[in-house]
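Colleague: Provided herewith is a single structure, encoded as structure tokens, for subsequent inquiry.
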Amino acid sequence: MSHPISLNDVVELATVSRNGVIESRHLGSLAVVDRDGALIATLGNPEAEIYARSSLKPFQAIASLRAGAQLNDERLALACASHRGTFRHQELAATVLEATGLSEADLRCPPDYPQDSETYRQTILDGNGKNRLAFNCSGKHAGFLTACVASGWPTEGYLDPNHPLQRSVMDVVEEFSGAPVGNIAIDGCGAPVPQMPLVGLARATAKMLRLAADGSDDPAARVAPAMLAHPWAVHGEGAENTVVMERLGVVAKLGAEGVLILGAPDGTSLALKMLDGSSRANTVVGLRALQALGVLEAAAVDAVLAEVLKPVLGGGNPVGAIVPAEAVSSLARA
């Protein structure tokens, strides 16, 4: 029976203060597992079911690889990306398509403007409008199409939940999470996205890291190393996921509506979901939780947060802060 996340499943994970007064509170749930997938710490209900949204991309990329997609590490990292649509991202997505004789016209993600401000500015100055390569999921879709060509599956309708590629994605999700998929919805990019337990998402992340660490010959073993080798492709220069991977060696992948997965070098993996769908506190909560568990060093986490955490401003000056709740800072192993 489906158990979508509710108020009964969450606790306070972060607060936002302004001039010494708490202005906002973020409620959510998180689950942490060890390298073998054993649950070691929780806040809220780890069995609450969520849509992983773009945090699912590494596992969608695994399905593409297993279907025969020929992707070097940089292109594989892009297949896992929620990128900012820089010209570099767009050009890389285009090369993936060209390698299989396809083009932007074959993509079925929506056209969009780049999220990167400088690229957006130049796009407008050049008199250009939205395009599908600029959409933040274009790398994933290019990977999907490459897999279809490799397996002899139709490229038309590749987003249909009954397409063999999308059925393969659901098989991967069940295999890696250890849980059956729930309701299958449609993500913002048009791809099917299944409901799954939060702890299942953490376990899927741990298994992906474990295959890489153990030197498995499963194509899935390539995904985490590719993301860590090309973090710019996964998010963008200076973006949160990219900086976390560059500075800490922690696999990081955001998802819309306040979802985040983190996979530490020792295989410890965390998944979290903010009930209100905001992601502004996700990185500070996730990293501080791993710090509290002794997985990450405080000084290293401090340095990353100083670089990526957006300040609370008043008149252009810092007047407040986004702070993890005490339950996060004092998180202990079960």
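As shown in the structure tokens, the chain order sets the letters A, B, ...; within each chain, residues go from 1, and ligands are also counted from 1 in the order they appear.
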Which parts of segment 182-316 of chain A does DSSP call alpha helix (DSSP H) when run on the backbone here, written out as number ranges by chain?
Modeller: A: 198-213, 223-229, 231-234, 240-248, 282-292, 298-308
Colleague: Write out, as a PDB file, in the first residue's frame, the residues just selected, with C-alpha atoms.
Modeller:
```
ATOM      1  CA  LEU A 198      13.318   7.194   1.090  1.00  0.00           C
ATOM      2  CA  VAL A 199      15.558   4.497   2.573  1.00  0.00           C
ATOM      3  CA  GLY A 200      15.372   2.653  -0.751  1.00  0.00           C
ATOM      4  CA  LEU A 201      16.924   5.676  -2.450  1.00  0.00           C
ATOM      5  CA  ALA A 202      19.748   5.665   0.105  1.00  0.00           C
ATOM      6  CA  ARG A 203      20.273   1.921  -0.426  1.00  0.00           C
ATOM      7  CA  ALA A 204      20.346   2.377  -4.184  1.00  0.00           C
ATOM      8  CA  THR A 205      23.080   4.986  -3.773  1.00  0.00           C
ATOM      9  CA  ALA A 206      25.100   2.705  -1.494  1.00  0.00           C
ATOM     10  CA  LYS A 207      24.875  -0.183  -3.959  1.00  0.00           C
ATOM     11  CA  MET A 208      26.036   2.035  -6.804  1.00  0.00           C
ATOM     12  CA  LEU A 209      29.080   3.089  -4.750  1.00  0.00           C
ATOM     13  CA  ARG A 210      29.755  -0.463  -3.592  1.00  0.00           C
ATOM     14  CA  LEU A 211      29.895  -1.815  -7.139  1.00  0.00           C
ATOM     15  CA  ALA A 212      32.445   0.853  -8.008  1.00  0.00           C
ATOM     16  CA  ALA A 213      34.548   0.274  -4.885  1.00  0.00           C
ATOM     17  CA  VAL A 223      28.535   5.790 -12.783  1.00  0.00           C
ATOM     18  CA  ALA A 224      29.829   7.148  -9.470  1.00  0.00           C
ATOM     19  CA  PRO A 225      33.459   7.414 -10.688  1.00  0.00           C
ATOM     20  CA  ALA A 226      32.279   9.248 -13.829  1.00  0.00           C
ATOM     21  CA  MET A 227      30.314  11.766 -11.750  1.00  0.00           C
ATOM     22  CA  LEU A 228      33.317  12.365  -9.487  1.00  0.00           C
ATOM     23  CA  ALA A 229      35.705  12.680 -12.435  1.00  0.00           C
ATOM     24  CA  PRO A 231      31.499  17.053 -11.563  1.00  0.00           C
ATOM     25  CA  TRP A 232      31.118  20.175 -13.736  1.00  0.00           C
ATOM     26  CA  ALA A 233      28.928  18.152 -16.083  1.00  0.00           C
ATOM     27  CA  VAL A 234      26.606  16.964 -13.316  1.00  0.00           C
ATOM     28  CA  GLU A 240      26.355  22.930  -5.011  1.00  0.00           C
ATOM     29  CA  ASN A 241      26.527  19.346  -6.275  1.00  0.00           C
ATOM     30  CA  THR A 242      29.664  20.096  -8.267  1.00  0.00           C
ATOM     31  CA  VAL A 243      31.494  21.749  -5.360  1.00  0.00           C
ATOM     32  CA  VAL A 244      30.574  18.920  -2.967  1.00  0.00           C
ATOM     33  CA  MET A 245      31.993  16.360  -5.390  1.00  0.00           C
ATOM     34  CA  GLU A 246      35.115  18.410  -6.150  1.00  0.00           C
ATOM     35  CA  ARG A 247      36.004  19.233  -2.552  1.00  0.00           C
ATOM     36  CA  LEU A 248      34.795  16.190  -0.608  1.00  0.00           C
ATOM     37  CA  ASN A 282      19.521  20.350   1.664  1.00  0.00           C
ATOM     38  CA  THR A 283      23.287  20.540   1.316  1.00  0.00           C
ATOM     39  CA  VAL A 284      23.886  21.935   4.797  1.00  0.00           C
ATOM     40  CA  VAL A 285      21.576  19.329   6.349  1.00  0.00           C
ATOM     41  CA  GLY A 286      23.036  16.414   4.404  1.00  0.00           C
ATOM     42  CA  LEU A 287      26.682  17.315   4.987  1.00  0.00           C
ATOM     43  CA  ARG A 288      26.193  18.143   8.666  1.00  0.00           C
ATOM     44  CA  ALA A 289      24.375  14.839   9.168  1.00  0.00           C
ATOM     45  CA  LEU A 290      27.327  12.944   7.678  1.00  0.00           C
ATOM     46  CA  GLN A 291      29.674  15.034   9.814  1.00  0.00           C
ATOM     47  CA  ALA A 292      27.700  14.190  12.968  1.00  0.00           C
ATOM     48  CA  ALA A 298      34.100  19.280  10.222  1.00  0.00           C
ATOM     49  CA  ALA A 299      36.748  21.535   8.678  1.00  0.00           C
ATOM     50  CA  ALA A 300      36.146  20.135   5.193  1.00  0.00           C
ATOM     51  CA  VAL A 301      32.374  20.547   5.541  1.00  0.00           C
ATOM     52  CA  ASP A 302      32.825  24.099   6.845  1.00  0.00           C
ATOM     53  CA  ALA A 303      34.894  25.026   3.791  1.00  0.00           C
ATOM     54  CA  VAL A 304      32.347  23.631   1.333  1.00  0.00           C
ATOM     55  CA  LEU A 305      29.395  25.298   3.034  1.00  0.00           C
ATOM     56  CA  ALA A 306      31.221  28.620   3.092  1.00  0.00           C
ATOM     57  CA  GLU A 307      31.493  28.310  -0.681  1.00  0.00           C
ATOM     58  CA  VAL A 308      27.992  27.129  -1.616  1.00  0.00           C
TER      59      VAL A 308
END
```
Colleague: Give the strand (DSSP E or B) residues of segment 67-293 of chain A, as DSSP finds them on the backbone, and put them as a list of chain:residue names.
Modeller: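 Put together, the selection reads A:Asp112, A:Asn131, A:Ile184, A:Ala185, A:Ile186, A:Pro192, A:Val193, A:Pro194, A:Gln195, A:Met196, A:Pro197, A:Val251, A:Ala252, A:Lys253, A:Leu254, A:Gly255, A:Val259, A:Leu260, A:Ile261, A:Leu262, A:Gly263, A:Ser269, A:Leu270, A:Ala271, A:Leu272, A:Lys273, A:Met274.
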Colleague: Mind checking which residues fall within 8 Å of Ala327 of chain A, counting only C-alpha atoms, ignoring those fewer than 4 positions away in the same chain, and posting them as a PyMOL selection string?
Modeller: chain A and resi 12-13+43+331
Colleague: So which residues touch Glu257 of chain A within 7 Å, counting only C-alpha atoms, skipping near sequence neighbours fewer than 6 positions away, as JSON, numbers by chain?
Modeller: {"A": [277, 278, 279]}
Colleague: Leaving out Leu78 of chain A and any residue of its chain fewer than 5 positions from it, which residues lie within 12 Å of it when counting only C-alpha atoms, given as a VMD selection string?
Modeller: chain A and resid 57 to 58 60 to 61 71 to 73 83 to 85 88 to 96 133 136 to 144 223 to 224 226 to 236 253
Colleague: Which residues are near Val169 of chain A? Cut-off 8 Å, only C-alpha atoms, ignore same chain within fewer than 6 positions. Put them as a list in words.
Modeller: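 Counting only the stated atoms, we get Phe59, Gln60, Ile62 and Ala63 of chain A.
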Colleague: Next, dump the selected residues to file, keeping only C-alpha atoms, as a short mmCIF file (atom, residue, chain, number, x, y, z; two decimals), in the first residue's frame.
Modeller:
```
data_model
loop_
_atom_site.label_atom_id
_atom_site.label_comp_id
_atom_site.auth_asym_id
_atom_site.auth_seq_id
_atom_site.Cartn_x
_atom_site.Cartn_y
_atom_site.Cartn_z
CA PHE A 59 20.01 4.88 -11.92
CA GLN A 60 18.38 5.87 -15.19
CA ILE A 62 22.63 2.63 -15.30
CA ALA A 63 19.67 1.36 -17.33
#
```
Colleague: Given the choices A:Thr86, A:Leu313, A:Asp187, A:Asn45, which gets closest to Tyr120 of chain A if the distance is worked out from only C-alpha atoms?
Modeller: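 Of the candidates, the smallest distance to Tyr120 of chain A is held by A:Thr86.
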